[in-house]
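Notes for the one structure printed next.
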Amino acid sequence: SPARASTSSSRPAAHLRPPSRRRESRRVAVMASGNNKNFAIEVERKYDASVVSVDALTQTVESLGGETKGVVTFTDVYYDTPDASLAAKDTWLRARDGAWEIKVPLNQGDDTAPRSGGERSVFREVEGPGACLHELNAALGVPRVPTQLANEGAEAALIAAMKTLDVHPFAKFTTKRAKFSLDGANVDVDAASFGHGVCEVEVLCAYESQVPDAEAKIAYVAQRLGLTPLSDSGGKLETYIRRNCPTHLRVLVANGYLKAEPAAAPLSKCAGS
């Protein structure tokens with residue numbers, strides 16, 4: 001299993017900075033600033049990777065008129081307080097290859113919204129350090145502060161706020177992802193560095209009213225590809241937390257986001273593993 005990131009609050013602020021390598025392109029710019037009320041919604045479902053061969057999936061996708069988009073590798077670092085205050089609100093701050101993102105529940109206070117491993121199936125994915133600072137402050141009950149800063153200034157402000165709020169890394173892993181698209185949906189087949197695999201089908205939409213159509217499209221694409229939905233075994237983050245993060249697991253179970261005992265995770269064939 002990967003080395004666990006320290007959550008010690010004695011780290012200097014510079015140690016909060018994620019790896020400097022930036023992604024060539026981002027999946028979706030959700031909020032330009034903390035004052036921007038517009039955001040994109042990512043609707044996602046997870047499927048069993050144990051029965052998926054990337055070679056076979058490539059042939060199937062292409063035979064159905066879809067597209068093979070290659071394989072990428074990226075590293076995620078997740079951040080939280082030592083007592084898992086963000087996880088308690090189903091909110092997830094991460095740096096993916098150095099780019100700041102935060103996943104926020106679509107309907108704050110809606111206890112019926114579907115979740116998978118601390119990750120909701122429908123959520124706002126907010127990008128950029130200024131917007132992440134705004135959402136971080138909101139999640140932890142900090143008074144609203146201006147976040148329309150130049151990018152470098154916003155990142156410095158975010159890192160400073162994280163140190164003040166005792167927010168530090170708690171999870172880090174690398175993912176090898178095979179990427180496809182079919183019928184307007186993205187299909188990703190992931191193999192994580194700690195030995196867990198999952199398939200994800202996702203659709204982006206602009207408005208909450210479009211979520212049912214996005215869910216129907218996901219179900220249709222999964223049916224065309226012969227994918228099997230996950231039962232109680234979760235995605236990458238849930239599995240990592242169950243194996244390595246007892247405080248986060250306890251908080252997620254206590255808040256009803258996770259079951260105490262998952263189904264046994266199947267072995268993975270995904271992404272060539």
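Ligands are numbered from 1 in the order shown, residues from 1 within each chain, and chains are lettered A, B, ... in the order they appear in the structure tokens.
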Non-local contacts of Pro212 (chain A) (10 Å; only C-alpha atoms; under 5 positions in same chain excluded) as a compact mmCIF listing (two decimals) with N, CA and C atoms, in the first residue's frame:
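So selection27.txt came out as:
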```
# COMPACT_ATOMS: atom_id res chain seq x y z
N VAL A 43 -22.48 13.84 -13.31
CA VAL A 43 -23.30 12.70 -12.90
C VAL A 43 -22.50 11.44 -13.23
N LYS A 217 -28.89 8.31 -19.64
CA LYS A 217 -27.84 8.08 -20.64
C LYS A 217 -26.76 7.17 -20.09
N ILE A 218 -26.38 7.36 -18.84
CA ILE A 218 -25.37 6.50 -18.22
C ILE A 218 -25.85 5.05 -18.20
```
Check your understanding: Got a sec to tell me which of region 40-86 of chain A DSSP assigns to helix (DSSP H, G or I), as a PyMOL selection string?
Key -> chain A and resi 54-63
Review point. Using only C-alpha atoms, which of the listed residues (A:Lys103, A:Lys163, A:Lys236, A:Lys69) sits closest to Ala40 (chain A)?
Key: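 Using only C-alpha atoms, the shortest distance to Ala40 (chain A) belongs to A:Lys103.
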Practice item. Return the single residue from A:Ile159, A:Ala171, A:Val71, A:Val201 that is closest to Cys245 (chain A), with distances computed using only C-alpha atoms. Key: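 Checking each of A:Ile159, A:Ala171, A:Val71, A:Val201 against Cys245 (chain A), counting only C-alpha atoms, the winner is A:Ala171.
Comparing A:Arg243, A:Arg124, A:Lys179, A:Lys46 by their smallest distance to Thr58 (chain A), the closest is A:Lys179 (using only C-alpha atoms).
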Check your understanding: Can you tell me, as an MDAnalysis selection string, what residues are no more than 10 Å from Leu158 (chain A) when counting only C-alpha atoms, ignoring any on the same chain fewer than 2 positions away?
Key -> chainID A and resid 16:17 100 128:134 136:137 147 152:156 160:164
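With only C-alpha atoms as the atoms that count, the residue of A:Asn244, A:Phe170, A:Gly235, A:Ala178 with the shortest distance to Gly70 (chain A) is A:Ala178.
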Review point. Where in region 74-220 of chain A does DSSP assign strand (DSSP E), given as a ChimeraX atom specification?
Key: /A:74-80,92-96,99-105,115-116,119-120,122-127,168-182,185-192,197-205
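Every protein or nucleic acid residue with an atom no more than 12 Å from Ser85 (chain A), counting only C-alpha atoms and leaving out same-chain residues fewer than 3 positions away, appears here: Tyr79, Asp80, Thr81, Pro82, Ala88, Lys89, Asp90, Thr91, Trp92, Leu93, Leu136, Asn137, Ala138, Ala139, Leu140, Gly141, Leu165, Asp166, Val167, His168, Thr247, His248, Arg250, Val251, Leu252 and Asn255 of chain A.
Residue nearest Lys176 (chain A), chosen from A:Val72, A:Phe194, A:Ala95, A:Arg45 and counting only C-alpha atoms: A:Val72.
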